[in-house]
Every structure is written in structure tokens, then in C-alpha cells.
Amino acid sequence: AAGIVFVWSDYTGPNEAVIRPGYWRSPSWEVGTFTFFLDEDRPAELEGGLSYAAPQIAAIAALILQNEPHLTPSQVKQRIVGTATVLPNGNSIADAAAAVENRPVGRRFAKQNVPTTMDSKLRLIYQSSDGEQGTLMEIEERHQNWPIASWPQQDILLYRTLPATTGSYTNTFHLVAYRDVNLTLMIEWPGNELDSGDQPAKLTLLPDGEWQPVYSIELDARDVPPLHIEVMCDRVRLSWNSADGARLERGYYQDAATAHSSFRLLSFEMETPLMPDLIEPIY
């Protein structure tokens, strides 16, 4: 009502004037940004709609209002969304120059070379509290749930991040399995090559699909079996199991403090085609 533009990364309320660039686990996120800028030949490492998009979108709003202070918050939002670049997968990336100049033409991106036929499957069993029967969660590839801007719209992603020129990334493999708002599973382990064998890894379970709290465990630590990897030509299989289960630590995102939880990991197995590296080949 006061004419203040709000940019809220994970806003889910009813005010349609709020710009929501970062609610990445929902198909309702509206516009993303580059993670960071490098140079004219390589403008960014990755596009996304994560929390870091909020200050960049707010800066674009400030540039617009500097020239046109009479615009309402809804008009500023429409300007940013209406001048954004639409990526091949349908998501939008803000274009600051186009927004300030009010021209609905943004950058053009080449379509990422990602396999179109995916038949990944994941089966996870965990126990939500001591004494209860294990909860079975299954995720099967349906091409609909993973809405990070330039990434394929898949339910299960296995990918590797490569070292960036800024030093922000390391050689790390990531598995992210996502099903609506009911389950998110993340596993990460270091390495230059994806080889068969047992591997120390960190597993994080978000049983309700939300970031707070998170439940995590170090595989191959404190009598916990390691992650087992099988590489089979163009496919990879990850598996882990324990007859007694292993207790997950409860914590909060980006908070080092943890506490014992009632969640126990019993087993999981996942098979998926090998994916190309998703950080470097976007351009």
C-alpha cells in the first residue's frame, strides 16, 4: 500500500505484487537470475531461482524505480517478468537492461544437451520414530518436479559440479531426488570420476520436502556402512542398507549444530542413467 516493492525468495502468501524468484520447490516461482557474473563471453555459471536471486531482482527493481519512480509494485513486477528471457524449459531469467529499457527482448540461450529419455527410480525406507514400522518412499521419473531454471525438469538428478574459476565449486557428485512436497533426498560425495565401489558420502533427508529441519548422516562413519556405487555402461546404481538402521542427526540448513533425532535410515536404492556435468556445459 505504501508503494514498496517486496522481493521474497520463498514467499507463498496471497499478495500478487510480491516478486517471488526463489521458491524453487514450487512451480509457482516467477523469475530467476544468474548466480554470478564472470565476463562477456561467459556471463554466468548457472541460472537459478534460489535465494540469491532475491537481492539481484531487488537491484533490478531499484534501477527501474530510479528512472520511473511513479511505478507501483505490481507494475515493477510486471516489467521484470515481462522483459525476462524465457529459457527452452519454460522458466524465465531476468534481464536487467531489458527491464530498465522496457523492451521484452532478453538474452537467448542454447538448449542444454540433456538426455530426454529418463527412467530413473528410487526406493527409500526410513523409520520416523523408534519402534514404528519403516516408511517406504518411492520416486519414479516423471519429468515434472525439479524446477531449477536451466536444469532438466526431472524428479531424480545425478550430476557433478566442476571447479569454477571463482573457486565456488569442487569436484563433487550430487544426487537429488525430489517428489512434490513429500520427500527430498540429497546425497553428495567427492570425486573426479564416477567409479564402482564403496564411497564415503553425506546423505540428507527432508521427509516433508521442507528445509527446516534437515536430517543427515555420514555414510561410512561411526559403524555406518558406506555408499555402494555400481557403474554399468551408461547407467549408475547407488545402494545402501542396514539391518538395524542408522540414526540421522537433526539440524537446520547452514547451521552446524545437530542433535539426535528419532529418524532412522534403513535402506535405499536408486538407478539412473549417467548425466552430463550440469555446471560447465550450460553454454
# chains A, B, ... in the order shown; residues from 1 in each chain; ligands from 1
call {"tool": "residues_around", "arguments": {"residues": "Val100 in chain A", "least_positions_apart": "6", "cutoff": "8 Å", "atoms": "only C-alpha atoms", "output": "mmCIF file with N, CA, C and O atoms, in the first residue's frame"}}
result
data_model
loop_
_atom_site.group_PDB
_atom_site.id
_atom_site.type_symbol
_atom_site.label_atom_id
_atom_site.label_comp_id
_atom_site.auth_asym_id
_atom_site.auth_seq_id
_atom_site.Cartn_x
_atom_site.Cartn_y
_atom_site.Cartn_z
ATOM 1 N N ILE A 60 17.397 -4.876 -9.657
ATOM 2 C CA ILE A 60 16.757 -4.507 -10.926
ATOM 3 C C ILE A 60 15.554 -3.603 -10.660
ATOM 4 O O ILE A 60 15.319 -2.626 -11.374
ATOM 5 N N LEU A 63 16.792 -0.152 -10.073
ATOM 6 C CA LEU A 63 17.176 0.521 -11.315
ATOM 7 C C LEU A 63 15.955 1.037 -12.069
ATOM 8 O O LEU A 63 15.968 2.135 -12.629
ATOM 9 N N ILE A 64 14.908 0.237 -12.081
ATOM 10 C CA ILE A 64 13.671 0.659 -12.754
ATOM 11 C C ILE A 64 13.082 1.887 -12.073
ATOM 12 O O ILE A 64 12.723 2.890 -12.717
ATOM 13 N N ASN A 67 14.551 5.399 -12.599
ATOM 14 C CA ASN A 67 14.111 6.125 -13.800
ATOM 15 C C ASN A 67 12.627 6.440 -13.786
ATOM 16 O O ASN A 67 12.192 7.447 -14.355
#
call {"tool": "residues_around", "arguments": {"residues": "range 95-98 of chain A", "least_positions_apart": "6", "cutoff": "10 Å", "atoms": "only C-alpha atoms", "output": "JSON, numbers by chain"}}
result
{"A": [31, 32, 33, 34, 56, 57, 59, 60, 61, 63, 64, 79, 80, 81, 82, 83, 84, 85, 104, 105, 106, 107]}
call {"tool": "atom_distance", "arguments": {"atom1": "CA of Ser120 in chain A", "atom2": "CA of Leu219 in chain A"}}
result
22.2 Å
call {"tool": "select_by_dssp", "arguments": {"residues": "range 157-236 of chain A", "states": "strand (DSSP E)", "output": "PyMOL selection string"}}
result
chain A and resi 157-161+172-179+183-190+197-199+201-206+214-219+227-232+235-236
call {"tool": "write_last_selection", "arguments": {"atoms": "N, CA and C atoms", "output": "short mmCIF file (atom, residue, chain, number, x, y, z; two decimals), in the first residue's frame"}}
result
data_model
loop_
_atom_site.label_atom_id
_atom_site.label_comp_id
_atom_site.auth_asym_id
_atom_site.auth_seq_id
_atom_site.Cartn_x
_atom_site.Cartn_y
_atom_site.Cartn_z
N LEU A 157 18.06 -36.34 -10.18
CA LEU A 157 19.23 -35.82 -10.87
C LEU A 157 20.49 -36.37 -10.23
N LEU A 158 21.37 -36.93 -11.04
CA LEU A 158 22.71 -37.30 -10.61
C LEU A 158 23.67 -36.51 -11.49
N TYR A 159 24.45 -35.63 -10.89
CA TYR A 159 25.29 -34.75 -11.68
C TYR A 159 26.58 -34.45 -10.92
N ARG A 160 27.52 -33.81 -11.59
CA ARG A 160 28.79 -33.45 -10.97
C ARG A 160 29.02 -31.97 -11.17
N THR A 161 29.44 -31.29 -10.12
CA THR A 161 29.88 -29.91 -10.25
C THR A 161 31.38 -29.91 -10.43
N THR A 172 32.54 -32.59 -7.14
CA THR A 172 31.62 -33.27 -6.23
C THR A 172 30.45 -33.84 -7.02
N PHE A 173 30.10 -35.08 -6.71
CA PHE A 173 28.91 -35.70 -7.30
C PHE A 173 27.72 -35.45 -6.39
N HIS A 174 26.59 -35.19 -7.00
CA HIS A 174 25.36 -34.92 -6.26
C HIS A 174 24.24 -35.79 -6.81
N LEU A 175 23.47 -36.34 -5.91
CA LEU A 175 22.20 -36.97 -6.28
C LEU A 175 21.11 -36.19 -5.56
N VAL A 176 20.13 -35.73 -6.31
CA VAL A 176 18.97 -35.06 -5.71
C VAL A 176 17.72 -35.75 -6.23
N ALA A 177 16.93 -36.28 -5.33
CA ALA A 177 15.66 -36.92 -5.68
C ALA A 177 14.55 -36.13 -5.00
N TYR A 178 13.55 -35.76 -5.77
CA TYR A 178 12.53 -34.83 -5.29
C TYR A 178 11.16 -35.29 -5.73
N ARG A 179 10.23 -35.30 -4.79
CA ARG A 179 8.86 -35.67 -5.12
C ARG A 179 7.89 -34.70 -4.48
N LEU A 183 8.91 -35.40 -0.13
CA LEU A 183 10.21 -36.01 0.13
C LEU A 183 11.28 -35.37 -0.74
N THR A 184 12.40 -35.06 -0.12
CA THR A 184 13.59 -34.69 -0.85
C THR A 184 14.75 -35.46 -0.26
N LEU A 185 15.54 -36.09 -1.11
CA LEU A 185 16.72 -36.84 -0.68
C LEU A 185 17.91 -36.29 -1.42
N MET A 186 18.99 -35.98 -0.69
CA MET A 186 20.20 -35.47 -1.30
C MET A 186 21.39 -36.29 -0.82
N ILE A 187 22.27 -36.67 -1.74
CA ILE A 187 23.50 -37.39 -1.42
C ILE A 187 24.62 -36.70 -2.16
N GLU A 188 25.76 -36.51 -1.51
CA GLU A 188 26.90 -35.92 -2.19
C GLU A 188 28.19 -36.61 -1.75
N TRP A 189 29.09 -36.76 -2.73
CA TRP A 189 30.39 -37.36 -2.42
C TRP A 189 31.42 -36.79 -3.38
N PRO A 190 32.69 -36.65 -2.94
CA PRO A 190 33.72 -36.06 -3.79
C PRO A 190 34.24 -37.06 -4.81
N GLY A 197 32.26 -49.04 -6.48
CA GLY A 197 32.90 -49.32 -5.21
C GLY A 197 32.16 -48.68 -4.06
N ASP A 198 32.73 -48.81 -2.87
CA ASP A 198 32.16 -48.20 -1.67
C ASP A 198 32.76 -46.81 -1.47
N GLN A 199 31.91 -45.87 -1.09
CA GLN A 199 32.34 -44.48 -1.06
C GLN A 199 31.76 -43.75 0.15
N ALA A 201 30.06 -40.76 1.96
CA ALA A 201 29.14 -39.78 1.39
C ALA A 201 28.31 -39.17 2.50
N LYS A 202 27.70 -38.04 2.21
CA LYS A 202 26.76 -37.41 3.13
C LYS A 202 25.37 -37.53 2.55
N LEU A 203 24.44 -38.01 3.36
CA LEU A 203 23.04 -38.15 2.95
C LEU A 203 22.19 -37.20 3.77
N THR A 204 21.30 -36.50 3.10
CA THR A 204 20.38 -35.59 3.77
C THR A 204 18.96 -35.92 3.35
N LEU A 205 18.09 -36.06 4.33
CA LEU A 205 16.69 -36.41 4.09
C LEU A 205 15.81 -35.26 4.56
N LEU A 206 14.93 -34.82 3.68
CA LEU A 206 13.93 -33.83 4.04
C LEU A 206 12.58 -34.51 3.87
N VAL A 214 16.46 -30.42 8.76
CA VAL A 214 17.01 -31.43 7.85
C VAL A 214 17.54 -32.58 8.70
N TYR A 215 17.55 -33.77 8.10
CA TYR A 215 18.04 -34.97 8.78
C TYR A 215 19.18 -35.54 7.94
N SER A 216 20.36 -35.67 8.54
CA SER A 216 21.51 -36.06 7.75
C SER A 216 22.33 -37.12 8.47
N ILE A 217 23.17 -37.80 7.68
CA ILE A 217 24.03 -38.85 8.21
C ILE A 217 25.26 -38.97 7.33
N GLU A 218 26.39 -39.26 7.95
CA GLU A 218 27.62 -39.50 7.21
C GLU A 218 27.73 -41.00 6.96
N LEU A 219 27.62 -41.40 5.73
CA LEU A 219 27.76 -42.80 5.37
C LEU A 219 29.25 -43.16 5.43
N LEU A 227 28.33 -45.73 1.15
CA LEU A 227 27.50 -45.74 -0.05
C LEU A 227 28.11 -46.71 -1.06
N HIS A 228 27.28 -47.57 -1.64
CA HIS A 228 27.76 -48.52 -2.64
C HIS A 228 27.37 -48.02 -4.03
N ILE A 229 28.35 -47.97 -4.93
CA ILE A 229 28.15 -47.44 -6.27
C ILE A 229 28.46 -48.52 -7.29
N GLU A 230 27.57 -48.70 -8.25
CA GLU A 230 27.82 -49.60 -9.38
C GLU A 230 27.63 -48.80 -10.67
N VAL A 231 28.68 -48.73 -11.47
CA VAL A 231 28.61 -48.06 -12.76
C VAL A 231 28.48 -49.12 -13.84
N MET A 232 27.41 -49.06 -14.62
CA MET A 232 27.10 -50.09 -15.61
C MET A 232 26.90 -49.41 -16.96
N ARG A 235 24.64 -46.34 -17.17
CA ARG A 235 23.76 -46.23 -16.01
C ARG A 235 24.58 -46.34 -14.73
N VAL A 236 24.00 -45.87 -13.66
CA VAL A 236 24.65 -45.98 -12.36
C VAL A 236 23.62 -46.38 -11.33
#
call {"tool": "atom_distance", "arguments": {"atom1": "CA of Glu269 in chain A", "atom2": "CA of Trp240 in chain A"}}
result
6.5 Å
